[in-house]
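Inspection log for the structure reproduced underneath, given as structure tokens.
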Amino acid sequence: MKYDHKKIEKKWQKRWLQEKVFAASEKSKKPKFYQLETFPYPSAAGLHVGHPKGYIAEDIHARFMRMQGKEVLYTMGWDAFGLPTENYAIKVGKAPQEVAEENIKNFKRQVQMFGLSYDWDREINTASPDYYRWTQWLFIKLWEKGLAYRAKAKVNWCPKDQTVLANEQVIQKQIAKGKSQDTVGVCERCETPVEQREMEQWFLKITDYAERLLEDLNLVDPDANEEIRLAGAGWPAATIKRQEDWIGKSEGALINFKLKTLNFKQDLGEIEVFTTRPDTLFGATYLVLAPEHGLIAKCKSQIVNWEEVEKYIAQASHKTELMRMAGAQDPPSHKASEGQGKTGIELKGIRAINPATKEEIPIWIADYVLGSYGTGAIMAVPAHDERDKEFAEKFHLPIAVKTLISWDEALKISGGVKKIQYRLRDWSVSRQRYWGVPIPMIHCDACGINPVPEKDLPVELPRLKEYRPKGVPPLASSEKFIKVKCPKCGVTARRDSETLDTFVDSSWYYLRYTDPKNEKEPFDKAKAKHWLPVDLYVIGAEHTVLHLLYSRFITKFLQDEGYLSFSEPFLKLRHVGLIQGSDGQKMSKSRGNVVNPDDIVAEFGADAVRLYEMFMGPFEDGQPWDPRGVIGAERFLKRFVNFVLEGIEAKAKTTQKESLSFIHKTIKKVGDDIAAFKFNTAISALMILLNEIGVKPIAASNLEDIVKLIHPFAPHLGQELWSRLKHDTMLDFEPWPEYDAKLMYDETVQLVIQVNGKVRNIVIASKGISQGEAEKLALASEKVKSFISGKPKKIIFVPGRLINFVI
RNA sequence: GCCGCGGUGGCGGAAUGGCAGACGCGAUGGACUCAAAAUCCAUUGUCCGUAAGGGCGUGAGAGUUCGACUCUCUCCCGCGGCACCA
């Protein structure tokens with residue numbers, strides 16, 4: 001057989017699809033295994049060769065698990081809502097619906113060309129009303145429990161995309177500011193500097209789950225039942241760390257400071273601060289409030305420098321924009337130390353009393369204190385805190401000596417209480433754009449905000465001719481959409497005109513895969529219980545905070561509501577390392593280093609590309625694309641085909657044992673490596689096997705084993721060779737070969753002889769050679785003897801491996 | 001600044017306390033060919049040596065050990081994350 005990849009790949013892909021070979025059934029008696037991968041955002045650009053890397057790895061794993069006797073749920077879907085599609089649609093003058101449909105079609109074709117063993121009957125699309133009606137349902141459930149709420153808040157506004165961004169969607173970027181460097185928050189999609197705006201928004205109360213999201217990172221199975229592992233156990237340590245850092249738990253105390261005013265007529269009460277260092281209370285020499293702190297307005301009449309204070313507050317509220325403008329205009333003489341200094345102003349006319357020292361201390365406002373964290377007020381301890389010290393030195397505030405007391409004493413003196421704070425903020429989910437899930441709420445002047453009744457779901461996204469962003473939600477301009485009867489009182493009310501952040505869409509998709517066609521519920525409880533939690537999830541490292549945290553939150557919420565019976569959705573996580581362009585840079589259109597998989601697959605075949613991408617290096621690392629590398633993979637596959645076909649001709653002529661130990665070693669190595677996601681060394685082991693056995697005769701059963709070993713990596717080829725070996729079964733459901741540990745070892749070993757730790761000779765010895773025999777054998781060698789004079793001080797013997805003479 | 005990960009031939013990488021550079025790419029030489037491609041064979045860390053052989057070598061320096069790419073400490077460089085969270 002000539003290795004005609006086009007012919008065999010087409011042939012088997014067609015059969016796999018037509019016969020629904022990989023359909024997963026919950027009725028199967030086999031143990032389940034649920035594999036998930038980040039469902040793609042179908043962009044107009046299509047895939048580049050880097051995208052399928054994670055999919056290929058999952059497919060190898062899925063096929064391996066099937067051969068291990070597991071019923072594998074492994075499927076694909078489309079995260080189809082979102083800004084890039086909408087922006088692209090605007091650019092080309094089409095409806096987002098059409099663009100999304102075209103993109104999905106193209107993505108599906110490209111994905112299918114790699115021969116991935118998905119159950120296509122479970123395909124989902126977040127932009128389809130069948131799906132998003134349940135996203136809306138989920139939102140309403142959250143609202144019913146008080147976990148979705150509207151609040152006026154300072155939000156991140158992207159002026160280019162004309163929409164709000166979650167904190168997690170704002171990335172810090174360094175900008176040159178004269179000679180110095182400064183950072184600005186920019187939109188993660190278009191890199192436009194983000195502005196601060198005060199807006200009324202929908203939020204999801206993820207902070208209610210902060211403690212559980214943190215605690216459950218450490219979940220282990222109490223019964224040590226290997227079949228039921230819980231979250232954390234199978235996660236990379238760095239991912240757990242990043243989640244912990246993001247939640248940012250700190251333990252501290254709330255302490256009240258009495259207020260004192262120059263004018264004794266008014267009682268101003270107390271001011272509450274949050275501190276993680278109550279033990280430094282004696283060193284608190286001044287207080288600092290965030291500019292938005294409520295006390296400031298309350299004390300207006302007591303503050304003698306009100307005009308200045310007001311001016312400072314106004315400046316601080318526009319800080320993001322101002323900093324950006326200043327950055328562009330600053331003269332080059334601007335020094336980093338000056339530019340990055342803290343700003344602030346004293347509230348003259350009021351003072352606080354330090355409860356430990358009883359001294360009067362000044363009160364300042366400064367924008368280095370955040371209104372949204374703790375109480376928005378701090379006690380400044382310049383003797384112990386670098387930031388406070390910097391501020392104190394700049395404004396000539398007193399720095400007390402270092403005095404530490406116990407927490408208990410500090411709380412007793414001040415009447416403070418212990419308090420736990422989290423860095424995590426609530427999740428802003430409102431978007432003022434068109435291409436997303438309409439928020440299923442109705443605003444009525446009389447009854448307030450109420451959800452759309454469940455029977456009226458989905459609230460379909462209407463087709464709009466004009467959907468471009470103008471700062472107000474595009475849906476608001478559609479009278480037909482907006483006008484609705486209030487579900488409570490029946491009078492004319494208004495639909496919510498915002499759409500949901502697409503992270504809401506993807507926060508529950510892994511649940512829908514278990515029951516994708518259900519029209520009555522988001523999923524059937526029994527089916528979810530059968531398949532979930534997800535056993536293995538391959539995601540990009542960029543999702544370790546956002547998507548992962550949101551999904552965990554939603555899972556816990558649905559557990560609380562009785563829909564799910566577990567608290568953590570993903571047992572084992574693996575991150576895929578990005579393939580770079582041949583220039584070592586990230587693949588991008590603008591750099592012109594994008595490699596299109598269509599061309600590569602057409603030339604070398606899916607199997608060769610699969611093999612190469614897995615062979616490049618460690619899965620979680622990124623490597624540059626080497627156009628020659630695929631050729632190497634193709635060469636190996638050709639040699640493999642010849643090896644097997646020659647083997648078939650010579651078949652049954654031998655019961656050869658010569659190469660047996662090698663085959664058993666390789667069976668173990670390949671299996672262990674697939675399970676550990678070490679695909680590069682698994683492939684290397686197969687190459688070594690082929691090099692080693694070469695033209696030696698081999699028994700028919702061993703030949704079949706070798707075909708099974710390559711099958712997960714090159715399934716079209718594996719299946720084709722399997723059929724050439726006169727089998728009409730699907731190789732994916734044949735048992736993975738077993739290795740015999742007794743047969744893995746050779747009778748002889750290469751014994752390394754060292755003198756003072758340096759290798760001086762290597763001799764062949766029997767496996768079980770004793771130390772005495774080894775010494776004799778070693779000293780029989782002239783080479784070794786020439787390095788030894790007199791009696792060795794010490795002899796180290798590692799059985800079956802090494803003998804070292806210490807002189 | 002803080003946290004995390006990493007640094008091994010010309011390149012991707014292998015080896016997690018016991019032969020450094022597996023496997024692959026590239027390169028050099030050879031076979032086949034009218035020729036080229038493809039394929040096959042050999043060589044391929046570096047220095048000294050005709051050779052046998054030996055010295056050096058995993059970012060730098062120290063340490064632990066009979067023995068260190070591997071463990072410990074200090075430093076340098078690269079990548080990623082967080083960034084006034086009191």
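How things are named: the first chain in the structure tokens is A, the next is B, and so on; residues count from 1 in each chain; ligands count from 1 in the order shown.
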As an MDAnalysis selection string, please: every residue in range 571-631 of chain A that DSSP puts in helix (DSSP H, G or I). chainID A and resid 597:604 606:615 627:631
How would the residues just picked look written out with C-alpha atoms as a PDB file, in the first residue's frame?
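Result file follows (result.pdb):
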```pdb
ATOM      1  CA  PRO A 597      -4.103  24.088   8.584  1.00  0.00           C
ATOM      2  CA  ASP A 598      -6.025  23.603   5.326  1.00  0.00           C
ATOM      3  CA  ASP A 599      -2.832  23.733   3.274  1.00  0.00           C
ATOM      4  CA  ILE A 600      -0.760  21.653   5.659  1.00  0.00           C
ATOM      5  CA  VAL A 601      -3.379  18.926   6.049  1.00  0.00           C
ATOM      6  CA  ALA A 602      -3.920  18.774   2.286  1.00  0.00           C
ATOM      7  CA  GLU A 603      -0.216  18.293   1.718  1.00  0.00           C
ATOM      8  CA  PHE A 604       0.806  15.971   4.545  1.00  0.00           C
ATOM      9  CA  ALA A 606      -4.200  14.982   9.206  1.00  0.00           C
ATOM     10  CA  ASP A 607      -2.306  12.106  10.794  1.00  0.00           C
ATOM     11  CA  ALA A 608       1.102  13.625  10.055  1.00  0.00           C
ATOM     12  CA  VAL A 609       0.017  17.039  11.357  1.00  0.00           C
ATOM     13  CA  ARG A 610      -1.458  15.462  14.489  1.00  0.00           C
ATOM     14  CA  LEU A 611       1.721  13.527  15.083  1.00  0.00           C
ATOM     15  CA  TYR A 612       3.948  16.527  14.559  1.00  0.00           C
ATOM     16  CA  GLU A 613       1.981  18.848  16.834  1.00  0.00           C
ATOM     17  CA  MET A 614       2.159  16.306  19.619  1.00  0.00           C
ATOM     18  CA  PHE A 615       5.829  15.587  18.994  1.00  0.00           C
ATOM     19  CA  PRO A 627       7.659  23.610   8.533  1.00  0.00           C
ATOM     20  CA  ARG A 628      10.214  20.770   8.292  1.00  0.00           C
ATOM     21  CA  GLY A 629       8.839  19.098  11.381  1.00  0.00           C
ATOM     22  CA  VAL A 630       5.719  17.853   9.619  1.00  0.00           C
ATOM     23  CA  ILE A 631       7.928  16.234   7.011  1.00  0.00           C
TER      24      ILE A 631
END
```
Within 10 Å of chain A, which residues of chain B show up when using only C-alpha atoms (C1' of nucleotides), listed as JSON, numbers by chain? {"B": [3, 4, 5, 11, 12, 13, 14, 18, 19, 22, 23, 24, 25, 26, 39, 66, 67, 80, 81, 82, 83, 84, 85, 86]}
Limited to C-alpha atoms (C1' of nucleotides), could you put the picked residues into a file as a PDB file, in the first residue's frame?
```pdb
ATOM      1  C1'   C B   3       4.084  35.921  42.820  1.00  0.00           C
ATOM      2  C1'   G B   4       4.749  31.795  39.415  1.00  0.00           C
ATOM      3  C1'   C B   5       7.415  29.179  35.511  1.00  0.00           C
ATOM      4  C1'   C B  11      17.020  24.276  16.031  1.00  0.00           C
ATOM      5  C1'   G B  12      12.454  21.644  18.795  1.00  0.00           C
ATOM      6  C1'   G B  13      13.576  18.874  22.800  1.00  0.00           C
ATOM      7  C1'   A B  14      15.146  13.922  26.179  1.00  0.00           C
ATOM      8  C1'   G B  18      23.620   6.963  38.479  1.00  0.00           C
ATOM      9  C1'   C B  19      26.352   6.549  30.506  1.00  0.00           C
ATOM     10  C1'   A B  22      17.180  10.028  23.566  1.00  0.00           C
ATOM     11  C1'   C B  23      13.766  11.086  19.440  1.00  0.00           C
ATOM     12  C1'   G B  24      13.120  14.455  15.460  1.00  0.00           C
ATOM     13  C1'   C B  25      14.754  18.638  12.265  1.00  0.00           C
ATOM     14  C1'   G B  26      18.958  20.632   9.948  1.00  0.00           C
ATOM     15  C1'   U B  39      14.425   6.759  -0.114  1.00  0.00           C
ATOM     16  C1'   C B  66      30.988   8.365  46.131  1.00  0.00           C
ATOM     17  C1'   G B  67      28.231  10.711  42.095  1.00  0.00           C
ATOM     18  C1'   G B  80       3.684  34.711  32.177  1.00  0.00           C
ATOM     19  C1'   G B  81       0.462  36.683  36.020  1.00  0.00           C
ATOM     20  C1'   C B  82      -0.818  40.428  39.707  1.00  0.00           C
ATOM     21  C1'   A B  83      -0.104  45.390  40.646  1.00  0.00           C
ATOM     22  C1'   C B  84      -1.437  50.791  45.663  1.00  0.00           C
ATOM     23  C1'   C B  85      -6.519  45.233  48.130  1.00  0.00           C
ATOM     24  C1'   A B  86      -4.311  48.360  53.860  1.00  0.00           C
TER      25        A B  86
END
```
Shell around range 432-438 of chain A at 8 Å using only C-alpha atoms (C1' of nucleotides), local window under 6 positions removed, as a PyMOL selection string: chain A and resi 81-83+85-86+96+127+132+135-136+162-164+459-461+467-469+471-475+496-502
Contacts of Cys299 in chain A within 12 Å, only C-alpha atoms (C1' of nucleotides), excl. fewer than 5 positions in-chain, as number ranges by chain: A: 259-263, 266-271, 293-294, 304-306, 309, 347-351, 363
Between A:Asn125, A:Asn450, A:Gln112, A:Thr38, smallest distance to His575 in chain A by only C-alpha atoms belongs to A:Thr38
Can you pull out the residues contacting Thr357 in chain A? Cut-off 9 Å, using only C-alpha atoms (C1' of nucleotides), and skip same-chain residues under 5 positions away; I want them as a ChimeraX atom specification. /A:281-284
Assign secondary structure with DSSP using the backbone only, and return the residues of range 666-770 of chain A in strand (DSSP E or B) as a ChimeraX atom specification. /A:748-755,758-766
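The nearest approach to G45 in chain B among the residues B:U28, B:C73, B:G10, B:G1, with only C-alpha atoms (C1' of nucleotides) taken into account, belongs to B:G10.
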